[in-house]
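K.L.:
Take this structure, written in structure tokens, and hold onto it; I'll ask about it next.
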Amino acid sequence: MSELDARRERLEQLRAQGHDPYLITRFDRTHTIDEVRSAFDALVGQPVTIAGRVMARRGHGKATFLDLRDGTSAMQVFASLDSLGDDGYERLKLCDVGDLLGVEGEVFSTSRGEMSVRASKATILSKSLRPLPEKWHGLTDVETRFRRRYVDLIMNPEVRELFVQRSHMLAAIREMLTAREFLEVETPMMQVVAGGAAARPFCTHHRALDIELYLRIAPELYLKRLVIGGFERVFEINRNFRNEGMDQNHNPEFTMLELYQAYADYEDIMSLTEEIVAAAAQAVCGGLQVSYGGQEIDLTPPWRRLSIPDALRQYAAIDISDLLDDASAARIADERGIEIGGPKTAAAVLKKIVDETVEPQLVAPTHLTGHPVLISPLAKRSPANPELTDRFETFICGKELANAFSELNDPIDQRSRFESQARDRSAGDEEAHPMDEDFLEALEYGLPPTGGLGIGIDRLLMLLTDTHSIREVILFPLMRPQE
């Protein structure tokens, strides 16, 4: 008989005895396991009722030891024929590793000093019809962990703790922004025009309206509409969807924090970015010193600021003026053997060079500033140099963490840039920003001077927990279906 068949047989035996675990609707605990452990000395000799999953069992004959784990901690349970009686002990023999078990009993310490509960009653609350992996830590196929994340969470407490830290980090960010009078809002996930970023969207069809819709690549343009409408400080923590490749740093569905502050510029947002990351680090790490990939990173503000023109000179020996028109940019790409994978527009070449030569050098927290207009269709021009924008991207350990700028609020300039992006789109650049007449109309009602920011929540958690795959910090990352 297979293990699966044996477990189903034990379930039927339970049912034959009048104890169907699936008919139990609730179980009243007096304590979580962590509460018992925390107050152990005071509880010794006292009755408690706990519940959790059986992770191991030992012993035969008239005594059994069970390792019970709930969502807080783990504890040993001692069960015997004397304490449970004949019927109770016989039923316990039908309990498998993986089953959910409720235990009533007395707190005591074993001769070896191990915190334990002596069971006076044990109730199987749910049957695990599939056995847990015996050597989960030894699995070489990590994709199995992501496909069956529920088993990963059962077997690996450190994985569960990672997502507890994620929750704490998000709570700290929300608390910090709310204290600064930001209002949390929600904007559409399905949009008629997928704007607010340079990315390829997912497309769907709405049958009732018979129109094409897109899963949003960013909430930016709707959040700006709210600022136009009078909400001066808004933020959203929610999902974005981009129809792009998957690697250690990219998942098609990911979480972003995006916020906008009226009457602020990108310098104000730089400081706010540092404060947000510091709050997240305190929540996860308890301080501002973190280790990532063997590198010690100090998140104490203020952080380094470096302009793209200076970075290109320093790391690529290129003058920014040579990358601002299509012809010269294409020539440089050809001379240096830079593969673009599409039209060699100035924007595509510039982005590729920055991605490959500048970003990997930015290990210490760095705000990369001075982005050219041609790669910043929604950012305000720099008063000092109209070819550049008041924009920054934040990099730590060579990875982009944030993108922010003083928002373009000139509807005439915005239309011109959308038209330029439309030409790039017609030339084959599928990630160029589409024309959005509705947003342009909103902008004509007047957007105040505004600073905006987007932070990748998944990447921030990766940094703070020294995690090197985005799939580790997403509970259910996208996976190719199994055949």
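In the structure tokens, chains take the letters A, B, ... in the order shown, each chain's residues start at 1, and ligands count up from 1 in the order shown.
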Need the shell around Ile457 of chain A: protein/DNA/RNA residues with any atom at most 10 Å away, counting only C-alpha atoms. Skip same-chain ones fewer than 5 positions apart. Format as a list in words?
P.N.:
Arg166, Met169, Leu170, Ile237, Asn238, Arg239, Phe254, Thr255, Met256, Leu257, Glu258, Ala280, Leu401, Ala402, Met462, Leu463 and Val473 of chain A
K.L.:
What does the file look like for those residues with C-alpha atoms, as a compact mmCIF listing (two decimals), in the first residue's frame?
P.N.:
# COMPACT_ATOMS: atom_id res chain seq x y z
CA ARG A 166 7.72 41.86 4.36
CA MET A 169 8.23 46.52 6.27
CA LEU A 170 5.02 47.52 4.51
CA ILE A 237 1.18 50.17 -2.68
CA ASN A 238 -0.07 47.71 -5.24
CA ARG A 239 0.70 45.49 -8.20
CA PHE A 254 5.44 42.91 -8.88
CA THR A 255 4.66 45.35 -6.07
CA MET A 256 5.39 49.06 -6.22
CA LEU A 257 5.10 51.95 -3.82
CA GLU A 258 4.24 55.05 -5.83
CA ALA A 280 11.94 49.91 6.15
CA LEU A 401 15.51 50.57 -6.25
CA ALA A 402 13.64 53.80 -7.01
CA MET A 462 15.60 41.59 -1.30
CA LEU A 463 18.16 44.19 -0.25
CA VAL A 473 10.24 37.43 -1.82
K.L.:
So that I can check the surroundings of Thr32 of chain A, please list as a PDB file with C-alpha atoms, in the first residue's frame every protein, DNA and RNA residue that reaches within 12 Å of it, counting only C-alpha atoms and ignoring chain neighbours fewer than 3 positions away.
P.N.:
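Contents of the output file part_2.pdb:
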ATOM      1  CA  ASP A  28     -10.679  27.043  20.914  1.00  0.00           C
ATOM      2  CA  ARG A  29      -7.056  27.571  21.916  1.00  0.00           C
ATOM      3  CA  GLU A  35       2.692  32.383  24.395  1.00  0.00           C
ATOM      4  CA  VAL A  36       3.269  29.123  26.244  1.00  0.00           C
ATOM      5  CA  ARG A  37       7.009  29.305  25.680  1.00  0.00           C
ATOM      6  CA  SER A  38       7.219  32.978  26.650  1.00  0.00           C
ATOM      7  CA  ALA A  39       5.381  32.439  29.953  1.00  0.00           C
ATOM      8  CA  PHE A  40       6.637  28.899  30.537  1.00  0.00           C
ATOM      9  CA  VAL A  48      -3.364  24.882  28.275  1.00  0.00           C
ATOM     10  CA  THR A  49      -4.987  24.196  24.936  1.00  0.00           C
ATOM     11  CA  ILE A  50      -2.800  24.543  21.862  1.00  0.00           C
ATOM     12  CA  ALA A  51      -3.034  23.530  18.201  1.00  0.00           C
ATOM     13  CA  GLY A  52      -0.684  23.153  15.280  1.00  0.00           C
ATOM     14  CA  LEU A  68       3.803  20.498  17.159  1.00  0.00           C
ATOM     15  CA  ARG A  69       4.222  23.783  15.269  1.00  0.00           C
ATOM     16  CA  ASP A  70       1.722  26.587  14.891  1.00  0.00           C
ATOM     17  CA  GLY A  71       2.111  29.961  13.198  1.00  0.00           C
ATOM     18  CA  THR A  72       4.236  31.283  16.060  1.00  0.00           C
ATOM     19  CA  SER A  73       6.597  28.583  17.320  1.00  0.00           C
ATOM     20  CA  ALA A  74       7.050  24.857  18.037  1.00  0.00           C
ATOM     21  CA  MET A  75       6.671  22.696  21.132  1.00  0.00           C
ATOM     22  CA  GLY A 102      -5.432  20.134  18.883  1.00  0.00           C
ATOM     23  CA  VAL A 103      -3.992  19.330  22.308  1.00  0.00           C
TER      24      VAL A 103
END
K.L.:
My list of candidates is A:Ser426, A:Met1, A:Thr273, A:Asp310. Which is closest to Leu177 of chain A when distances are computed with only C-alpha atoms?
P.N.:
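Of the candidates, the smallest distance to Leu177 of chain A is held by A:Thr273.
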K.L.:
Let me make sure I understand: among A:Phe418, A:Leu183, A:Gly446, A:Ile338, which one has the smallest atom-to-atom distance to Val373 of chain A if we use only C-alpha atoms?
P.N.:
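Checking each of A:Phe418, A:Leu183, A:Gly446, A:Ile338 against Val373 of chain A, counting only C-alpha atoms, the winner is A:Phe418.
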K.L.:
Tell me which protein, DNA and RNA residues are within 12 Å of Gly286 of chain A, counting only C-alpha atoms, leaving out same-chain ones fewer than 3 positions away, and put them as a PyMOL selection string.
P.N.:
chain A and resi 165+168-169+172+278-283+289-290+464-465
K.L.:
May I have the residues from that selection written out with C-alpha atoms, as a tab-separated table (two decimals), in the first residue's frame?
P.N.:
chain	number	residue	atom	x	y	z
A	165	GLN	CA	9.34	40.76	7.61
A	168	HIS	CA	6.37	44.54	8.93
A	169	MET	CA	8.23	46.52	6.27
A	172	ALA	CA	6.39	50.70	8.66
A	278	ALA	CA	15.53	53.92	6.52
A	279	ALA	CA	12.10	53.20	8.03
A	280	ALA	CA	11.94	49.91	6.15
A	281	ALA	CA	15.46	48.96	7.28
A	282	GLN	CA	14.61	49.69	10.91
A	283	ALA	CA	11.54	47.46	10.65
A	289	GLN	CA	23.64	48.78	8.43
A	290	VAL	CA	22.77	45.91	6.09
A	464	LEU	CA	17.15	44.18	3.41
A	465	THR	CA	17.07	40.38	3.73
